[in-house]
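Structure file my_file-v9.cif with mmCIF, C-alpha atoms:
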```cif
data_structure
loop_
_atom_site.group_PDB
_atom_site.id
_atom_site.type_symbol
_atom_site.label_atom_id
_atom_site.label_comp_id
_atom_site.auth_asym_id
_atom_site.auth_seq_id
_atom_site.Cartn_x
_atom_site.Cartn_y
_atom_site.Cartn_z
ATOM 1 C CA MET Y 1 10.283 -5.133 -7.323
ATOM 2 C CA THR Y 2 12.084 -3.838 -4.290
ATOM 3 C CA LYS Y 3 12.961 -0.419 -2.946
ATOM 4 C CA ALA Y 4 16.195 -0.578 -4.947
ATOM 5 C CA GLU Y 5 14.286 -0.436 -8.244
ATOM 6 C CA ILE Y 6 12.206 2.502 -7.075
ATOM 7 C CA ILE Y 7 15.415 4.285 -6.078
ATOM 8 C CA GLU Y 8 16.842 3.507 -9.525
ATOM 9 C CA ALA Y 9 13.782 5.091 -11.151
ATOM 10 C CA ILE Y 10 14.152 8.293 -9.108
ATOM 11 C CA TYR Y 11 17.858 8.361 -9.849
ATOM 12 C CA SER Y 12 17.448 8.077 -13.604
ATOM 13 C CA LYS Y 13 14.379 10.285 -13.838
ATOM 14 C CA ILE Y 14 15.311 13.238 -11.642
ATOM 15 C CA GLY Y 15 19.068 13.014 -11.749
ATOM 16 C CA PHE Y 16 19.804 12.966 -8.040
ATOM 17 C CA SER Y 17 22.710 10.965 -6.740
ATOM 18 C CA LYS Y 18 22.003 7.364 -5.778
ATOM 19 C CA LYS Y 19 22.495 8.191 -2.115
ATOM 20 C CA GLU Y 20 20.142 11.142 -2.307
ATOM 21 C CA SER Y 21 17.523 9.120 -4.185
ATOM 22 C CA ALA Y 22 17.730 6.367 -1.569
ATOM 23 C CA ASP Y 23 17.302 8.880 1.268
ATOM 24 C CA ILE Y 24 14.289 10.430 -0.417
ATOM 25 C CA VAL Y 25 12.518 7.119 -1.015
ATOM 26 C CA GLU Y 26 13.227 6.140 2.574
ATOM 27 C CA LEU Y 27 11.776 9.426 3.788
ATOM 28 C CA VAL Y 28 8.607 8.991 1.722
ATOM 29 C CA PHE Y 29 7.884 5.584 3.250
ATOM 30 C CA ASP Y 30 8.875 6.798 6.725
ATOM 31 C CA THR Y 31 6.406 9.652 6.472
ATOM 32 C CA ILE Y 32 3.654 7.287 5.344
ATOM 33 C CA LYS Y 33 4.443 4.941 8.228
ATOM 34 C CA GLU Y 34 4.430 7.760 10.793
ATOM 35 C CA THR Y 35 1.027 8.896 9.559
ATOM 36 C CA LEU Y 36 -0.451 5.397 9.711
ATOM 37 C CA GLU Y 37 1.072 4.883 13.149
ATOM 38 C CA LYS Y 38 -0.982 7.841 14.347
ATOM 39 C CA GLY Y 39 -4.070 6.074 13.056
ATOM 40 C CA GLU Y 40 -4.518 8.456 10.165
ATOM 41 C CA LYS Y 41 -5.289 7.128 6.700
ATOM 42 C CA ILE Y 42 -3.231 7.665 3.566
ATOM 43 C CA LYS Y 43 -5.032 8.274 0.297
ATOM 44 C CA ILE Y 44 -3.000 8.062 -2.881
ATOM 45 C CA SER Y 45 -5.237 8.947 -5.795
ATOM 46 C CA GLY Y 46 -4.807 6.548 -8.694
ATOM 47 C CA PHE Y 47 -3.256 3.923 -6.447
ATOM 48 C CA GLY Y 48 -5.343 3.303 -3.350
ATOM 49 C CA ASN Y 49 -6.034 4.027 0.300
ATOM 50 C CA PHE Y 50 -4.261 2.670 3.348
ATOM 51 C CA VAL Y 51 -6.623 2.615 6.296
ATOM 52 C CA VAL Y 52 -5.993 1.635 9.910
ATOM 53 C CA ARG Y 53 -8.909 -0.362 11.286
ATOM 54 C CA GLN Y 54 -9.690 -1.211 14.881
ATOM 55 C CA LYS Y 55 -10.471 -4.882 15.506
ATOM 56 C CA ARG Y 56 -12.373 -6.036 18.576
ATOM 57 C CA PRO Y 57 -11.082 -8.895 20.727
ATOM 58 C CA ARG Y 58 -12.411 -12.290 19.667
ATOM 59 C CA ILE Y 59 -12.099 -15.912 20.619
ATOM 60 C CA GLY Y 60 -9.781 -17.896 18.424
ATOM 61 C CA ARG Y 61 -8.559 -21.438 18.548
ATOM 62 C CA ASN Y 62 -5.150 -22.969 18.352
ATOM 63 C CA PRO Y 63 -5.638 -25.083 15.222
ATOM 64 C CA GLN Y 64 -3.182 -27.680 16.483
ATOM 65 C CA THR Y 65 -4.450 -28.256 20.002
ATOM 66 C CA GLY Y 66 -8.025 -26.986 19.642
ATOM 67 C CA GLU Y 67 -7.467 -24.828 22.686
ATOM 68 C CA GLU Y 68 -9.509 -21.629 22.852
ATOM 69 C CA ILE Y 69 -7.617 -18.389 23.278
ATOM 70 C CA GLU Y 70 -8.647 -14.768 23.235
ATOM 71 C CA ILE Y 71 -7.268 -12.767 20.378
ATOM 72 C CA SER Y 72 -6.755 -9.290 21.805
ATOM 73 C CA ALA Y 73 -8.180 -6.108 20.323
ATOM 74 C CA ARG Y 74 -5.792 -4.735 17.751
ATOM 75 C CA LYS Y 75 -5.334 -2.347 14.919
ATOM 76 C CA VAL Y 76 -4.764 -3.612 11.416
ATOM 77 C CA LEU Y 77 -3.786 -1.896 8.217
ATOM 78 C CA THR Y 78 -5.863 -2.522 5.132
ATOM 79 C CA PHE Y 79 -5.172 -1.459 1.576
ATOM 80 C CA ARG Y 80 -8.084 -0.601 -0.682
ATOM 81 C CA PRO Y 81 -6.941 -0.363 -4.289
ATOM 82 C CA SER Y 82 -8.339 2.516 -6.327
ATOM 83 C CA GLN Y 83 -10.646 1.889 -9.272
ATOM 84 C CA VAL Y 84 -7.848 3.172 -11.531
ATOM 85 C CA LEU Y 85 -5.424 0.520 -10.274
ATOM 86 C CA LYS Y 86 -8.017 -2.249 -10.474
ATOM 87 C CA SER Y 87 -8.831 -1.311 -14.077
ATOM 88 C CA ALA Y 88 -5.158 -1.088 -15.029
ATOM 89 C CA LEU Y 89 -4.586 -4.619 -13.756
ATOM 90 C CA ASN Y 90 -7.393 -5.914 -15.912
ATOM 91 C CA ASN Y 91 -6.431 -4.022 -19.090
ATOM 92 C CA LYS Y 92 -9.420 -1.764 -18.945
ATOM 93 C CA ALA Y 93 -7.511 1.475 -18.557
ATOM 94 C CA MET H 1 -3.651 12.461 4.445
ATOM 95 C CA ASN H 2 -3.831 12.519 0.662
ATOM 96 C CA LYS H 3 -1.042 12.723 -1.897
ATOM 97 C CA SER H 4 -0.773 16.505 -1.820
ATOM 98 C CA ASP H 5 -0.692 16.555 1.996
ATOM 99 C CA LEU H 6 2.073 13.979 1.788
ATOM 100 C CA VAL H 7 4.022 16.177 -0.631
ATOM 101 C CA VAL H 8 3.620 19.195 1.692
ATOM 102 C CA SER H 9 4.804 17.168 4.671
ATOM 103 C CA LEU H 10 7.826 15.899 2.726
ATOM 104 C CA ASP H 11 8.547 19.418 1.491
ATOM 105 C CA LYS H 12 9.133 20.533 5.070
ATOM 106 C CA LYS H 13 11.604 17.730 5.646
ATOM 107 C CA MET H 14 13.445 18.294 2.361
ATOM 108 C CA SER H 15 13.894 22.018 2.222
ATOM 109 C CA HIS H 16 16.649 21.687 -0.371
ATOM 110 C CA LEU H 17 14.199 20.312 -2.938
ATOM 111 C CA SER H 18 11.549 22.219 -4.834
ATOM 112 C CA HIS H 19 7.887 21.398 -4.341
ATOM 113 C CA ARG H 20 7.791 20.270 -7.975
ATOM 114 C CA ASP H 21 10.640 17.801 -7.465
ATOM 115 C CA VAL H 22 8.977 16.296 -4.402
ATOM 116 C CA ASP H 23 5.728 16.002 -6.325
ATOM 117 C CA THR H 24 7.516 14.227 -9.195
ATOM 118 C CA ILE H 25 9.246 11.862 -6.763
ATOM 119 C CA VAL H 26 6.012 10.810 -5.073
ATOM 120 C CA ASP H 27 4.323 10.322 -8.457
ATOM 121 C CA THR H 28 7.278 8.321 -9.752
ATOM 122 C CA ILE H 29 7.177 5.987 -6.757
ATOM 123 C CA PHE H 30 3.499 5.126 -7.136
ATOM 124 C CA ASN H 31 3.639 5.006 -10.948
ATOM 125 C CA ARG H 32 6.495 2.529 -10.784
ATOM 126 C CA MET H 33 4.646 0.434 -8.257
ATOM 127 C CA THR H 34 1.555 0.415 -10.486
ATOM 128 C CA GLU H 35 3.660 -0.619 -13.497
ATOM 129 C CA ALA H 36 5.224 -3.449 -11.514
ATOM 130 C CA LEU H 37 1.816 -4.759 -10.467
ATOM 131 C CA VAL H 38 0.469 -4.485 -14.021
ATOM 132 C CA LYS H 39 3.394 -6.670 -15.140
ATOM 133 C CA GLY H 40 2.390 -9.132 -12.442
ATOM 134 C CA ASP H 41 5.473 -8.409 -10.335
ATOM 135 C CA ARG H 42 5.449 -8.698 -6.587
ATOM 136 C CA ILE H 43 6.572 -5.562 -4.698
ATOM 137 C CA GLU H 44 8.462 -5.845 -1.469
ATOM 138 C CA ILE H 45 9.114 -2.711 0.563
ATOM 139 C CA ARG H 46 11.059 -3.693 3.660
ATOM 140 C CA GLY H 47 9.489 -2.397 6.847
ATOM 141 C CA PHE H 48 6.313 -1.407 5.028
ATOM 142 C CA GLY H 49 4.782 -4.398 3.340
ATOM 143 C CA THR H 50 4.392 -6.420 0.187
ATOM 144 C CA PHE H 51 1.997 -6.182 -2.721
ATOM 145 C CA GLU H 52 1.127 -9.084 -4.954
ATOM 146 C CA ILE H 53 -1.454 -9.954 -7.539
ATOM 147 C CA ARG H 54 -4.105 -12.501 -6.787
ATOM 148 C CA VAL H 55 -6.333 -13.986 -9.442
ATOM 149 C CA ARG H 56 -10.033 -14.210 -8.712
ATOM 150 C CA GLU H 57 -11.790 -17.106 -10.438
ATOM 151 C CA PRO H 58 -14.709 -16.340 -12.741
ATOM 152 C CA ARG H 59 -18.054 -16.782 -11.032
ATOM 153 C CA LEU H 60 -21.715 -16.281 -11.539
ATOM 154 C CA GLY H 61 -22.952 -13.219 -9.743
ATOM 155 C CA ARG H 62 -26.303 -11.564 -9.477
ATOM 156 C CA ASN H 63 -27.422 -8.049 -10.031
ATOM 157 C CA PRO H 64 -28.664 -7.255 -6.511
ATOM 158 C CA LYS H 65 -31.345 -4.934 -7.851
ATOM 159 C CA SER H 66 -32.876 -7.043 -10.586
ATOM 160 C CA GLY H 67 -31.751 -10.477 -9.458
ATOM 161 C CA ALA H 68 -30.533 -11.204 -12.992
ATOM 162 C CA LYS H 69 -27.582 -13.544 -13.266
ATOM 163 C CA VAL H 70 -24.387 -11.991 -14.579
ATOM 164 C CA SER H 71 -21.136 -13.767 -15.260
ATOM 165 C CA ILE H 72 -18.111 -12.198 -13.598
ATOM 166 C CA ASP H 73 -14.910 -12.819 -15.537
ATOM 167 C CA THR H 74 -11.658 -13.917 -14.013
ATOM 168 C CA ARG H 75 -9.855 -10.839 -12.735
ATOM 169 C CA LYS H 76 -6.694 -9.769 -10.996
ATOM 170 C CA VAL H 77 -6.751 -7.922 -7.705
ATOM 171 C CA PRO H 78 -3.844 -6.404 -5.787
ATOM 172 C CA PHE H 79 -3.259 -7.817 -2.337
ATOM 173 C CA PHE H 80 -1.298 -5.965 0.348
ATOM 174 C CA LYS H 81 0.283 -7.623 3.339
ATOM 175 C CA THR H 82 1.502 -5.310 6.099
ATOM 176 C CA GLY H 83 5.168 -5.725 7.021
ATOM 177 C CA LYS H 84 6.171 -6.832 10.490
ATOM 178 C CA GLU H 85 7.685 -3.517 11.552
ATOM 179 C CA LEU H 86 4.675 -1.475 10.446
ATOM 180 C CA LYS H 87 2.235 -3.946 11.997
ATOM 181 C CA GLU H 88 3.949 -3.502 15.344
ATOM 182 C CA ARG H 89 4.161 0.257 15.043
ATOM 183 C CA ILE H 90 0.461 0.549 14.272
ATOM 184 C CA ASN H 91 -0.377 -1.382 17.422
ATOM 185 C CA ASN H 92 1.952 0.489 19.703
ATOM 186 C CA GLY H 93 1.225 3.888 18.223
ATOM 187 C CA SER H 94 -0.852 6.531 19.892
#
```

Represent the structure of the file as structure tokens.
Amino acid sequence: MTKAEIIEAIYSKIGFSKKESADIVELVFDTIKETLEKGEKIKISGFGNFVVRQKRPRIGRNPQTGEEIEISARKVLTFRPSQVLKSALNNKA
Amino acid sequence: MNKSDLVVSLDKKMSHLSHRDVDTIVDTIFNRMTEALVKGDRIEIRGFGTFEIRVREPRLGRNPKSGAKVSIDTRKVPFFKTGKELKERINNGS
């Protein structure tokens, strides 16, 4: 599934034009991205939570040369699926 | 930010739409994504990330309280991989 199919669903369900539906879907993901960029989490009930986590610097190794390098501190995004989604995937819903 | 905060924030940007429409749109997006994952489909949202299903093998677990062995069936879990653009934005963001 790609964004195009989500746009199609909005288009057929709500009856907006294709262009309008595409703009709306784009705006939804843009808003989510802006929020995460600020370090704030996104909680979608029934689906899951997107949380930005701070990672400390650590020593890694180049697997090819064996050379040690420092992996800098960074922020990563993690997705924690909701119980509802996990159950739905395993036919328990 | 939860789903209703998201709807409020989108409402401000889409003044030509009713609150109800925006609410329906957000629900439709996540419902469709859930349906796709239930079917075992992979979801690719450019600039955001991809979702796919990974299968966890059955294993023997233990009840941490009683120590009793319990068998854990094979199960499917969603896996999210952050897209390149978002990964970079999160690191350069404030």

If you apply the PyMOL selection byres ((chain Y and resi 30) around 12) to this file, what residues do you get, as a compact mmCIF listing (two decimals) with C-alpha atoms, in the frame of the given file?
```txt
# COMPACT_ATOMS: atom_id res chain seq x y z
CA ASP Y 23 17.30 8.88 1.27
CA ILE Y 24 14.29 10.43 -0.42
CA VAL Y 25 12.52 7.12 -1.01
CA GLU Y 26 13.23 6.14 2.57
CA LEU Y 27 11.78 9.43 3.79
CA VAL Y 28 8.61 8.99 1.72
CA PHE Y 29 7.88 5.58 3.25
CA THR Y 31 6.41 9.65 6.47
CA ILE Y 32 3.65 7.29 5.34
CA LYS Y 33 4.44 4.94 8.23
CA GLU Y 34 4.43 7.76 10.79
CA THR Y 35 1.03 8.90 9.56
CA LEU Y 36 -0.45 5.40 9.71
CA GLU Y 37 1.07 4.88 13.15
CA LEU H 6 2.07 13.98 1.79
CA SER H 9 4.80 17.17 4.67
CA LEU H 10 7.83 15.90 2.73
CA LYS H 13 11.60 17.73 5.65
CA ILE H 45 9.11 -2.71 0.56
CA ARG H 46 11.06 -3.69 3.66
CA GLY H 47 9.49 -2.40 6.85
CA PHE H 48 6.31 -1.41 5.03
CA GLU H 85 7.68 -3.52 11.55
CA LEU H 86 4.68 -1.48 10.45
CA ARG H 89 4.16 0.26 15.04
```

Range 10-29 of chain H: axis-aligned bounding box, 6 Å on each side, centre and edge lengths in Å, one decimal, as lines of an AutoDock Vina configuration file:
```
center_x = 10.5
center_y = 14.1
center_z = -2.1
size_x = 24.3
size_y = 28.2
size_z = 27.4
```

For chain Y against chain H, with a cut-off of 8 Å and counting all atoms listed in the file, what is the closest atom pair and its distance in Å to one decimal for every residue that makes the cut, ordered by chain and number, as JSON lines?
```
{"residue": "Y:Met1", "atom": "CA", "partner": "H:Ile43", "partner_atom": "CA", "distance": 4.6}
{"residue": "Y:Thr2", "atom": "CA", "partner": "H:Glu44", "partner_atom": "CA", "distance": 5.0}
{"residue": "Y:Lys3", "atom": "CA", "partner": "H:Ile45", "partner_atom": "CA", "distance": 5.7}
{"residue": "Y:Ile6", "atom": "CA", "partner": "H:Ile29", "partner_atom": "CA", "distance": 6.1}
{"residue": "Y:Ala9", "atom": "CA", "partner": "H:Thr28", "partner_atom": "CA", "distance": 7.4}
{"residue": "Y:Ile10", "atom": "CA", "partner": "H:Ile25", "partner_atom": "CA", "distance": 6.5}
{"residue": "Y:Ile14", "atom": "CA", "partner": "H:Asp21", "partner_atom": "CA", "distance": 7.8}
{"residue": "Y:Val25", "atom": "CA", "partner": "H:Ile29", "partner_atom": "CA", "distance": 7.9}
{"residue": "Y:Leu27", "atom": "CA", "partner": "H:Leu10", "partner_atom": "CA", "distance": 7.7}
{"residue": "Y:Val28", "atom": "CA", "partner": "H:Leu10", "partner_atom": "CA", "distance": 7.0}
{"residue": "Y:Phe29", "atom": "CA", "partner": "H:Phe48", "partner_atom": "CA", "distance": 7.4}
{"residue": "Y:Thr31", "atom": "CA", "partner": "H:Leu10", "partner_atom": "CA", "distance": 7.4}
{"residue": "Y:Ile32", "atom": "CA", "partner": "H:Leu6", "partner_atom": "CA", "distance": 7.7}
{"residue": "Y:Lys33", "atom": "CA", "partner": "H:Leu86", "partner_atom": "CA", "distance": 6.8}
{"residue": "Y:Thr35", "atom": "CA", "partner": "H:Met1", "partner_atom": "CA", "distance": 7.8}
{"residue": "Y:Leu36", "atom": "CA", "partner": "H:Ile90", "partner_atom": "CA", "distance": 6.7}
{"residue": "Y:Glu37", "atom": "CA", "partner": "H:Ile90", "partner_atom": "CA", "distance": 4.5}
{"residue": "Y:Lys38", "atom": "CA", "partner": "H:Ser94", "partner_atom": "CA", "distance": 5.7}
{"residue": "Y:Gly39", "atom": "CA", "partner": "H:Ile90", "partner_atom": "CA", "distance": 7.2}
{"residue": "Y:Glu40", "atom": "CA", "partner": "H:Met1", "partner_atom": "CA", "distance": 7.0}
{"residue": "Y:Lys41", "atom": "CA", "partner": "H:Met1", "partner_atom": "CA", "distance": 6.0}
{"residue": "Y:Ile42", "atom": "CA", "partner": "H:Met1", "partner_atom": "CA", "distance": 4.9}
{"residue": "Y:Lys43", "atom": "CA", "partner": "H:Asn2", "partner_atom": "CA", "distance": 4.4}
{"residue": "Y:Ile44", "atom": "CA", "partner": "H:Lys3", "partner_atom": "CA", "distance": 5.2}
{"residue": "Y:Ser45", "atom": "CA", "partner": "H:Lys3", "partner_atom": "CA", "distance": 6.9}
{"residue": "Y:Phe47", "atom": "CA", "partner": "H:Phe30", "partner_atom": "CA", "distance": 6.9}
{"residue": "Y:Val52", "atom": "CA", "partner": "H:Ile90", "partner_atom": "CA", "distance": 7.9}
{"residue": "Y:Arg74", "atom": "CA", "partner": "H:Asn91", "partner_atom": "CA", "distance": 6.4}
{"residue": "Y:Lys75", "atom": "CA", "partner": "H:Asn91", "partner_atom": "CA", "distance": 5.6}
{"residue": "Y:Val76", "atom": "CA", "partner": "H:Lys87", "partner_atom": "CA", "distance": 7.0}
{"residue": "Y:Leu77", "atom": "CA", "partner": "H:Thr82", "partner_atom": "CA", "distance": 6.6}
{"residue": "Y:Thr78", "atom": "CA", "partner": "H:Phe80", "partner_atom": "CA", "distance": 7.5}
{"residue": "Y:Phe79", "atom": "CA", "partner": "H:Phe80", "partner_atom": "CA", "distance": 6.1}
{"residue": "Y:Pro81", "atom": "CA", "partner": "H:Pro78", "partner_atom": "CA", "distance": 7.0}
{"residue": "Y:Leu85", "atom": "CA", "partner": "H:Thr34", "partner_atom": "CA", "distance": 7.0}
{"residue": "Y:Lys86", "atom": "CA", "partner": "H:Val77", "partner_atom": "CA", "distance": 6.4}
{"residue": "Y:Ala88", "atom": "CA", "partner": "H:Val38", "partner_atom": "CA", "distance": 6.6}
{"residue": "Y:Leu89", "atom": "CA", "partner": "H:Val38", "partner_atom": "CA", "distance": 5.1}
{"residue": "Y:Asn90", "atom": "CA", "partner": "H:Lys76", "partner_atom": "CA", "distance": 6.3}
```

Exercise. Counting all atoms listed in the file, what is within 10 Å of Arg62 in chain H, bar same-chain residues fewer than 6 positions away, as a ChimeraX atom specification?
Worked result: /H:68-72

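Coordinates place CA of Leu17 in chain H at a distance of 10.6 Å from CA of Phe16 in chain Y.
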
Problem set entry | Nearby residues (all atoms listed in the file) at most 12 Å from Ile59 in chain Y, same-chain spacing under 4 positions excluded, as a VMD selection string | chain Y and resid 66 to 73

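With CA of Glu5 in chain Y on one side and CA of Phe50 in chain Y on the other, the separation reads 22.1 Å.
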
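Separating CA of Arg53 in chain Y from CA of Arg80 in chain Y is a distance of 12.0 Å.
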